[in-house]
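Asks: File follows, input31.txt with compact mmCIF, C-alpha atoms:
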```txt
# COMPACT_ATOMS: atom_id res chain seq x y z
CA MET A 1 27.11 5.31 44.25
CA LYS A 2 24.22 7.32 42.81
CA THR A 3 26.54 9.63 40.91
CA SER A 4 28.45 6.74 39.37
CA ILE A 5 25.19 5.19 38.06
CA LEU A 6 24.20 8.58 36.68
CA LEU A 7 27.60 8.94 35.02
CA LEU A 8 27.35 5.45 33.55
CA MET A 9 23.91 6.23 32.13
CA MET A 10 25.12 9.47 30.61
CA LEU A 11 28.06 7.69 29.05
CA MET A 12 25.79 4.98 27.64
CA SER A 13 23.28 7.45 26.18
CA PHE A 14 26.20 9.31 24.65
CA PHE A 15 27.36 6.17 22.86
CA PHE A 16 23.87 5.13 21.78
CA CYS A 17 23.14 8.56 20.41
CA GLN A 18 26.36 8.53 18.45
CA ASN A 19 25.05 5.65 16.38
CA LYS A 20 22.02 7.52 15.12
CA VAL A 21 22.99 11.08 14.55
CA TYR A 22 20.26 12.08 12.14
CA VAL A 23 17.19 10.90 14.05
CA GLN A 24 15.34 14.04 13.01
CA GLY A 25 16.37 13.57 9.38
CA GLU A 26 15.27 9.95 9.48
CA ARG A 27 11.87 10.92 10.84
CA LEU A 28 11.41 13.55 8.14
CA TYR A 29 12.59 11.12 5.47
CA ASN A 30 10.08 8.49 6.58
CA THR A 31 7.30 11.09 6.58
CA TYR A 32 8.01 12.84 3.29
CA CYS A 33 10.17 10.65 1.09
CA SER A 34 9.83 6.96 1.93
CA ASN A 35 6.43 6.57 0.21
CA CYS A 36 8.13 6.78 -3.15
CA HIS A 37 11.82 6.19 -2.54
CA GLY A 38 11.22 3.41 0.01
CA LYS A 39 12.26 3.08 3.65
CA ASP A 40 15.30 1.26 2.26
CA GLY A 41 16.04 4.00 -0.27
CA MET A 42 15.70 1.56 -3.17
CA GLY A 43 12.92 3.35 -5.09
CA LEU A 44 10.38 1.34 -7.11
CA LYS A 45 11.17 -0.21 -10.50
CA ASN A 46 11.52 2.51 -13.16
CA LEU A 47 8.95 4.76 -11.50
CA TYR A 48 10.84 6.11 -8.50
CA PRO A 49 14.64 6.31 -8.58
CA PRO A 50 16.77 5.00 -5.69
CA LEU A 51 18.54 7.28 -3.23
CA ASN A 52 20.71 4.44 -1.96
CA ASN A 53 23.80 3.95 -4.12
CA SER A 54 22.47 6.50 -6.62
CA ASP A 55 25.21 7.92 -8.86
CA TYR A 56 22.92 10.84 -9.71
CA TYR A 57 22.45 11.65 -6.03
CA GLU A 58 26.15 11.48 -5.28
CA GLU A 59 27.22 13.55 -8.31
CA ASN A 60 24.61 16.29 -7.86
CA GLN A 61 25.08 17.04 -4.16
CA ASP A 62 24.72 20.81 -4.68
CA MET A 63 21.30 20.29 -6.33
CA ILE A 64 19.65 18.01 -3.76
CA ALA A 65 18.38 20.87 -1.56
CA CYS A 66 16.62 22.44 -4.57
CA ILE A 67 15.16 19.09 -5.64
CA ILE A 68 13.64 18.65 -2.18
CA LEU A 69 12.27 22.22 -2.04
CA LYS A 70 11.12 22.65 -5.65
CA GLY A 71 10.71 19.10 -6.95
CA LEU A 72 12.04 17.75 -10.20
CA GLU A 73 10.47 17.29 -13.62
CA GLU A 74 12.99 16.35 -16.25
CA GLU A 75 14.39 13.24 -17.76
CA ILE A 76 17.21 12.02 -15.54
CA VAL A 77 19.50 9.00 -15.66
CA VAL A 78 20.15 7.17 -12.40
CA ASN A 79 22.55 4.21 -12.46
CA GLY A 80 22.06 3.87 -16.21
CA LYS A 81 18.24 3.88 -16.07
CA ASP A 82 15.98 6.65 -17.41
CA TYR A 83 13.46 8.23 -15.06
CA MET A 84 10.76 10.67 -16.10
CA MET A 85 8.02 11.22 -13.55
CA PRO A 86 7.40 14.56 -11.91
CA MET A 87 8.34 14.81 -8.24
CA VAL A 88 6.46 17.53 -6.37
CA GLY A 89 8.59 19.79 -4.14
CA PHE A 90 8.18 20.24 -0.41
CA ASP A 91 8.02 23.99 0.18
CA ASN A 92 6.77 23.41 3.74
CA LEU A 93 10.24 22.17 4.78
CA THR A 94 12.68 24.60 6.41
CA ASP A 95 16.40 24.89 5.60
CA VAL A 96 17.13 22.97 8.81
CA ASP A 97 14.72 20.17 7.82
CA ILE A 98 16.32 19.91 4.39
CA THR A 99 19.82 19.78 5.90
CA ASN A 100 18.74 17.01 8.27
CA ILE A 101 17.16 14.96 5.47
CA ILE A 102 20.24 15.27 3.23
CA ASN A 103 22.56 14.29 6.05
CA TYR A 104 20.38 11.31 6.91
CA VAL A 105 20.34 10.09 3.29
CA ASN A 106 24.09 10.74 2.88
CA THR A 107 24.85 8.36 5.75
CA ALA A 108 21.92 5.91 5.51
CA TRP A 109 21.98 2.35 4.08
CA ASP A 110 25.10 1.81 1.92
CA ASN A 111 25.62 5.55 1.41
CA ASP A 112 28.82 7.09 2.69
CA ILE A 113 28.73 10.64 1.31
CA GLU A 114 30.29 13.64 2.99
CA GLU A 115 27.81 15.45 5.19
CA THR A 116 26.57 18.94 4.38
CA THR A 117 26.00 22.01 6.57
CA ILE A 118 23.15 24.47 6.97
CA GLN A 119 25.39 27.20 5.44
CA GLN A 120 26.00 25.06 2.36
CA VAL A 121 22.28 24.24 2.02
CA LYS A 122 21.37 27.93 2.23
CA LYS A 123 23.94 28.69 -0.50
CA ASP A 124 22.61 25.84 -2.69
CA LEU A 125 19.03 27.05 -2.26
CA GLU A 126 19.93 30.51 -3.61
CA LYS A 127 20.66 28.88 -6.96
CA CYS A 128 17.26 27.11 -7.34
CA ASN A 129 15.34 28.05 -10.45
CA MET B 130 -30.23 -41.89 47.15
CA THR B 131 -33.23 -39.66 47.10
CA LEU B 132 -34.92 -38.75 43.86
CA MET B 133 -33.68 -35.15 44.14
CA LYS B 134 -30.08 -36.32 44.30
CA VAL B 135 -30.47 -38.52 41.21
CA LEU B 136 -31.93 -35.60 39.31
CA ARG B 137 -29.10 -33.31 40.35
CA VAL B 138 -26.44 -35.79 39.22
CA GLN B 139 -28.22 -36.21 35.91
CA LYS B 140 -28.40 -32.46 35.46
CA ASN B 141 -24.68 -32.28 36.09
CA ILE B 142 -23.97 -34.86 33.42
CA TRP B 143 -26.22 -33.03 30.99
CA ASN B 144 -24.44 -29.76 31.68
CA LYS B 145 -21.08 -31.34 31.01
CA LEU B 146 -22.35 -32.92 27.83
CA THR B 147 -23.74 -29.65 26.55
CA TYR B 148 -20.48 -27.85 27.27
CA THR B 149 -18.51 -30.52 25.46
CA LEU B 150 -20.88 -30.37 22.50
CA VAL B 151 -20.74 -26.59 22.27
CA GLY B 152 -16.97 -26.74 22.55
CA MET B 153 -16.76 -29.27 19.75
CA LEU B 154 -19.05 -27.18 17.58
CA ILE B 155 -16.89 -24.10 18.08
CA LEU B 156 -13.82 -26.13 17.20
CA ILE B 157 -15.41 -27.45 14.02
CA SER B 158 -16.64 -24.04 12.95
CA CYS B 159 -13.21 -22.53 13.60
CA THR B 160 -11.41 -25.06 11.46
CA ASN B 161 -13.97 -24.56 8.71
CA GLU B 162 -13.39 -20.82 8.77
CA ASP B 163 -9.91 -21.23 7.29
CA LYS B 164 -11.26 -23.08 4.32
CA SER B 165 -13.66 -20.63 2.78
CA LEU B 166 -13.96 -16.86 2.64
CA PRO B 167 -17.20 -15.07 3.48
CA ILE B 168 -19.12 -12.96 0.98
CA LEU B 169 -18.80 -9.38 2.19
CA GLY B 170 -21.11 -6.38 1.87
CA GLU B 171 -24.75 -5.66 2.58
CA LYS B 172 -27.28 -8.03 1.07
CA GLU B 173 -29.35 -6.50 -1.73
CA MET B 174 -33.05 -6.93 -2.54
CA VAL B 175 -33.68 -8.00 -6.13
CA GLU B 176 -37.33 -8.63 -7.06
CA GLY B 177 -38.24 -9.24 -3.44
CA GLN B 178 -35.40 -11.69 -2.90
CA GLU B 179 -32.32 -11.22 -0.76
CA VAL B 180 -29.13 -11.68 -2.76
CA PRO B 181 -25.49 -11.18 -1.75
CA HIS B 182 -23.80 -7.91 -2.65
CA SER B 183 -22.10 -7.95 -6.03
CA ILE B 184 -20.10 -5.51 -8.14
CA PRO B 185 -22.37 -3.81 -10.70
CA ASP B 186 -21.67 -3.67 -14.46
CA PHE B 187 -18.96 -1.29 -15.54
CA SER B 188 -17.10 -0.39 -18.70
CA PHE B 189 -13.72 1.32 -18.71
CA VAL B 190 -10.66 1.61 -20.96
CA ASN B 191 -7.31 0.07 -20.07
CA GLN B 192 -3.72 1.14 -20.79
CA ASP B 193 -3.90 -0.42 -24.28
CA SER B 194 -7.15 1.48 -25.04
CA THR B 195 -9.06 -1.82 -24.88
CA ILE B 196 -12.56 -1.67 -23.39
CA ILE B 197 -12.74 -3.73 -20.20
CA THR B 198 -16.03 -4.74 -18.62
CA ASN B 199 -16.84 -6.96 -15.69
CA ASP B 200 -17.23 -9.87 -18.12
CA GLN B 201 -13.60 -9.70 -19.25
CA LEU B 202 -12.47 -9.87 -15.65
CA ASN B 203 -14.69 -12.66 -14.42
CA SER B 204 -12.87 -15.66 -15.86
CA GLY B 205 -11.36 -15.84 -12.39
CA PRO B 206 -10.85 -13.75 -9.30
CA TYR B 207 -9.16 -10.35 -9.36
CA VAL B 208 -7.76 -7.86 -6.86
CA ALA B 209 -8.58 -4.17 -7.19
CA ASP B 210 -7.18 -0.89 -5.89
CA PHE B 211 -7.73 2.81 -6.49
CA PHE B 212 -4.88 5.14 -7.35
CA PHE B 213 -3.67 7.88 -9.67
CA THR B 214 -0.29 8.27 -11.29
CA HIS B 215 0.40 11.68 -9.71
CA CYS B 216 -0.39 10.57 -6.18
CA PRO B 217 2.20 11.93 -3.75
CA SER B 218 0.95 10.18 -0.62
CA ILE B 219 -0.12 6.60 -0.03
CA CYS B 220 -0.64 5.22 -3.57
CA PRO B 221 3.05 4.48 -4.20
CA ILE B 222 3.07 2.25 -1.11
CA VAL B 223 -0.11 0.48 -2.19
CA THR B 224 1.28 0.06 -5.72
CA LYS B 225 4.36 -1.57 -4.22
CA GLN B 226 2.12 -4.09 -2.40
CA MET B 227 0.06 -4.69 -5.56
CA LEU B 228 3.34 -5.48 -7.29
CA ARG B 229 4.09 -8.00 -4.54
CA ILE B 230 0.73 -9.69 -5.18
CA HIS B 231 1.43 -9.58 -8.93
CA ASP B 232 4.76 -11.33 -8.45
CA ALA B 233 3.35 -13.89 -5.99
CA PHE B 234 0.59 -15.02 -8.40
CA LYS B 235 2.36 -14.67 -11.75
CA GLU B 236 1.33 -18.12 -12.97
CA GLU B 237 -2.08 -18.32 -11.30
CA ASN B 238 -5.46 -17.33 -12.71
CA LEU B 239 -5.56 -14.03 -10.85
CA LYS B 240 -5.82 -10.57 -12.41
CA LEU B 241 -5.04 -7.15 -10.98
CA VAL B 242 -7.08 -4.04 -11.65
CA SER B 243 -6.10 -0.50 -10.70
CA PHE B 244 -8.80 2.13 -11.18
CA THR B 245 -7.56 5.70 -11.55
CA MET B 246 -9.30 8.38 -9.52
CA ASP B 247 -7.91 11.11 -11.77
CA PRO B 248 -9.17 10.23 -15.27
CA LYS B 249 -8.60 13.78 -16.51
CA ARG B 250 -4.83 13.39 -16.26
CA ASP B 251 -4.61 9.60 -16.39
CA THR B 252 -5.25 8.96 -20.06
CA PRO B 253 -4.59 5.48 -21.51
CA GLU B 254 -1.21 6.78 -22.78
CA ARG B 255 -0.17 7.93 -19.33
CA LEU B 256 -1.35 4.65 -17.80
CA LYS B 257 0.62 2.76 -20.43
CA ASP B 258 3.73 4.70 -19.48
CA TYR B 259 3.10 3.97 -15.79
CA ALA B 260 2.53 0.25 -16.41
CA SER B 261 5.65 -0.10 -18.52
CA LYS B 262 7.73 1.65 -15.84
CA LEU B 263 6.38 -0.92 -13.39
CA GLU B 264 7.24 -3.63 -15.96
CA VAL B 265 3.72 -5.13 -15.98
CA ASP B 266 1.18 -5.71 -18.80
CA ALA B 267 -2.47 -6.27 -19.60
CA PRO B 268 -4.31 -8.64 -19.43
CA LYS B 269 -2.57 -9.64 -16.18
CA TRP B 270 -2.80 -6.15 -14.72
CA HIS B 271 -5.30 -3.62 -16.08
CA PHE B 272 -5.01 0.09 -15.34
CA LEU B 273 -8.48 1.50 -15.99
CA THR B 274 -9.68 4.98 -16.81
CA GLY B 275 -12.98 6.41 -18.08
CA ASP B 276 -15.88 8.54 -16.98
CA LYS B 277 -15.13 10.30 -13.70
CA GLU B 278 -18.59 9.81 -12.19
CA GLU B 279 -18.62 6.15 -13.12
CA LEU B 280 -15.17 5.67 -11.56
CA HIS B 281 -16.27 7.32 -8.34
CA ASP B 282 -19.45 5.23 -8.26
CA ILE B 283 -17.57 2.00 -8.67
CA ALA B 284 -15.11 3.03 -5.97
CA THR B 285 -17.97 3.69 -3.57
CA ASP B 286 -19.36 0.31 -4.41
CA PHE B 287 -16.00 -1.25 -3.61
CA PHE B 288 -16.33 -0.09 0.04
CA ASN B 289 -14.18 2.89 -0.73
CA VAL B 290 -15.82 6.17 -0.12
CA VAL B 291 -13.97 8.46 -2.46
CA ILE B 292 -14.37 12.13 -1.74
CA GLU B 293 -12.67 14.83 -3.70
CA ASP B 294 -10.92 16.88 -1.08
CA ASP B 295 -8.58 19.74 -1.85
CA GLU B 296 -6.94 19.50 1.57
CA ALA B 297 -5.65 15.97 1.10
CA PRO B 298 -2.27 15.43 -0.60
CA GLY B 299 -2.77 15.40 -4.34
CA GLY B 300 -6.29 16.78 -4.03
CA PHE B 301 -7.99 13.45 -3.34
CA ASN B 302 -8.94 11.80 -0.12
CA HIS B 303 -9.26 8.08 -0.57
CA SER B 304 -8.44 4.87 1.16
CA GLY B 305 -5.59 2.52 0.35
CA LYS B 306 -7.58 -0.69 0.47
CA ILE B 307 -6.91 -3.67 -1.80
CA ILE B 308 -10.01 -5.73 -2.50
CA LEU B 309 -10.46 -9.34 -3.61
CA VAL B 310 -13.37 -10.08 -5.96
CA ASP B 311 -14.35 -13.64 -6.98
CA LYS B 312 -15.49 -14.71 -10.45
CA ASN B 313 -19.12 -14.22 -9.40
CA ARG B 314 -18.49 -10.53 -8.66
CA HIS B 315 -18.63 -10.98 -4.88
CA ILE B 316 -16.16 -9.19 -2.59
CA ARG B 317 -14.47 -11.90 -0.52
CA ALA B 318 -11.65 -10.13 1.33
CA PHE B 319 -9.80 -6.84 1.61
CA CYS B 320 -6.75 -5.38 3.33
CA GLU B 321 -4.96 -2.13 4.05
CA GLY B 322 -2.59 -1.73 1.12
CA THR B 323 -0.25 0.36 3.26
CA ASP B 324 0.25 -2.39 5.86
CA GLU B 325 2.68 -5.06 4.73
CA GLU B 326 1.59 -7.61 7.37
CA ASP B 327 -2.06 -7.13 6.49
CA VAL B 328 -1.10 -7.82 2.88
CA ASP B 329 0.67 -11.05 4.01
CA ASP B 330 -2.68 -12.30 5.40
CA PHE B 331 -4.47 -11.10 2.29
CA ILE B 332 -2.14 -13.18 0.11
CA LYS B 333 -3.21 -16.23 2.17
CA ASP B 334 -6.86 -15.31 1.53
CA ILE B 335 -6.19 -15.18 -2.21
CA LYS B 336 -4.68 -18.68 -2.03
CA ILE B 337 -7.81 -19.96 -0.25
CA LEU B 338 -10.06 -18.47 -2.95
CA LEU B 339 -7.93 -19.84 -5.77
CA SER B 340 -8.06 -23.36 -4.30
CA GLU B 341 -11.85 -23.01 -3.99
CA ASN B 342 -12.11 -22.23 -7.69
CA GLU B 343 -10.14 -25.29 -8.67
CA ASP B 344 -12.88 -27.63 -7.44
```
Show me, as structure tokens, the structure contained in the file I just sent.
Replies:
Amino acid sequence: MKTSILLLMMLMSFFFCQNKVYVQGERLYNTYCSNCHGKDGMGLKNLYPPLNNSDYYEENQDMIACIILKGLEEEIVVNGKDYMMPMVGFDNLTDVDITNIINYVNTAWDNDIEETTIQQVKKDLEKCN
Amino acid sequence: MTLMKVLRVQKNIWNKLTYTLVGMLILISCTNEDKSLPILGEKEMVEGQEVPHSIPDFSFVNQDSTIITNDQLNSGPYVADFFFTHCPSICPIVTKQMLRIHDAFKEENLKLVSFTMDPKRDTPERLKDYASKLEVDAPKWHFLTGDKEELHDIATDFFNVVIEDDEAPGGFNHSGKIILVDKNRHIRAFCEGTDEEDVDDFIKDIKILLSENED
């Protein structure tokens, strides 16, 4: 009897955990990114670009790790709108943190972008300028 | 019945009456509380007389390089916050809530005022750029810059103790409060600009003040 309850609980926790794979990434996102990009990833007017349904984000997957680490200060076009506000980088984040954040964003909200790996992030980070 | 008994019964009735009266008073005062906002802040002594706290004179420049003093703002109430365009931490959240207030009172006689805490970088040109990215204009929403000392003094006066602190994100340690000032320069309400529910209540306070001014 006891073992079957235990088994049932393990099975349930397995299914519940499946739903939210990037809990760590979500926590980091809400700490470091949501102030500007919003908990919903929608950004704010023409000040802060969206990360949800962002063509720029989807097309520049190999640059996202560098943007997070080093920031970004150039005119960019996201979904047809110009953005030009400096974003300060987060050099306190580790490669693992960055991977978790990217994977959270890639699968959050309406996003359905292929997930990345720590090896890929490390490779991307070598190309930062 | 003995005299003592009569007295005791009477005392009982009196007790009940007093309780009812006190209860009614509390009820009345509670319902009144919804209808008008208190004047906040320590009372000041002016020429030996106690007067309510009020915002002192100031003179700053807005995003269109127009000089803005208290007089320009006091045709009606305004809400104020403190921010800077480079702020990496809480200001963007507060700005988002200020925008909510802006949109909720578009047609009403309410202004918004954002004082920069980083006047060195936040020139009128930079504030203009920021305002246009938010798609808002003066005179509905002023972004003010000017003398650093004067800005810090006014912030302190607005309940906000602003301390320059290199440890805090962006180099400034300041609070994210949004403050409601009436046309007589009195602070009537404030909220945490990072707390959406607190801002919901604050929006109700603004409505109360606006209906007061209509009389």
Asks: When the cut-off is 7 Å and we count only C-alpha atoms, which residues of chain A are near chain B, given as a PyMOL selection string?
Replies: chain A and resi 35-36+45-47
Asks: Identify the residues around (18.0, 17.4, 7.0) within a radius of 10 Å, measuring from all atoms listed in the file in the coordinates stated by the file, and give them as a list in words.
Replies: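 I get Tyr22, Val23, Gln24, Gly25, Glu26, Arg27, Leu28, Tyr29, Ala65, Leu93, Thr94, Asp95, Val96, Asp97, Ile98, Thr99, Asn100, Ile101, Ile102, Asn103, Tyr104, Val105, Asn106, Thr116, Thr117, Ile118 and Val121 of chain A for the residues within 10 Å of that point.
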Asks: By how many Å are atom CA of Glu73 of chain A and atom CA of Asp251 of chain B apart?
Replies: 17.2 Å
Asks: So the first atom is atom CA of Arg255 of chain B and the second is atom CA of Ile332 of chain B; what is the distance between them in Å, to one decimal place?
Replies: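 So the two atoms, atom CA of Arg255 of chain B and atom CA of Ile332 of chain B, lie 28.8 Å apart.
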Asks: For Asp334 of chain B, please output as a list of chain:residue names all residues within 12 Å (counting only C-alpha atoms; exclusion window: fewer than 3 positions along the same chain).
Replies: B:Glu162, B:Asp163, B:Lys164, B:Ser165, B:Leu166, B:Pro167, B:Pro206, B:Val208, B:Ile230, B:Ile308, B:Leu309, B:Val310, B:Asp311, B:Ile316, B:Arg317, B:Ala318, B:Phe319, B:Cys320, B:Asp327, B:Val328, B:Asp329, B:Asp330, B:Phe331, B:Ile337, B:Leu338, B:Leu339, B:Ser340, B:Glu341
Asks: I need the residue nearest Asp112 of chain A from this list: A:Val78, A:Leu69, A:Leu51, A:Met63. Use only C-alpha atoms for the distance.
Replies: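 When distances to Asp112 of chain A are compared using only C-alpha atoms, the smallest one comes from A:Leu51.
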Asks: What's the 9 Å shell around Ser54 of chain A, counting only C-alpha atoms, without same-chain residues fewer than 3 positions away, as a list in words?
Replies: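 After dropping sequence-adjacent residues, the list is Pro49, Pro50, Leu51, Tyr57, Glu58, Glu59, Val78, Asn79 and Asn111 of chain A.
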Asks: In Å, rounded to a single decimal, give me how far atom CA of His182 of chain B is from atom CA of Gly170 of chain B.
Replies: 5.5 Å
Asks: When you count all atoms listed in the file, which of these residues is closest to His37 of chain A: A:Tyr56, A:Asp110, A:Met87, A:Cys128?
Replies: A:Met87
Asks: My list of candidates is A:Thr3, A:Asn52, A:Val88, A:Gly41. Which is closest to Cys66 of chain A when distances are computed with only C-alpha atoms?
Replies: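 That would be A:Val88, the residue with the smallest distance to Cys66 of chain A.
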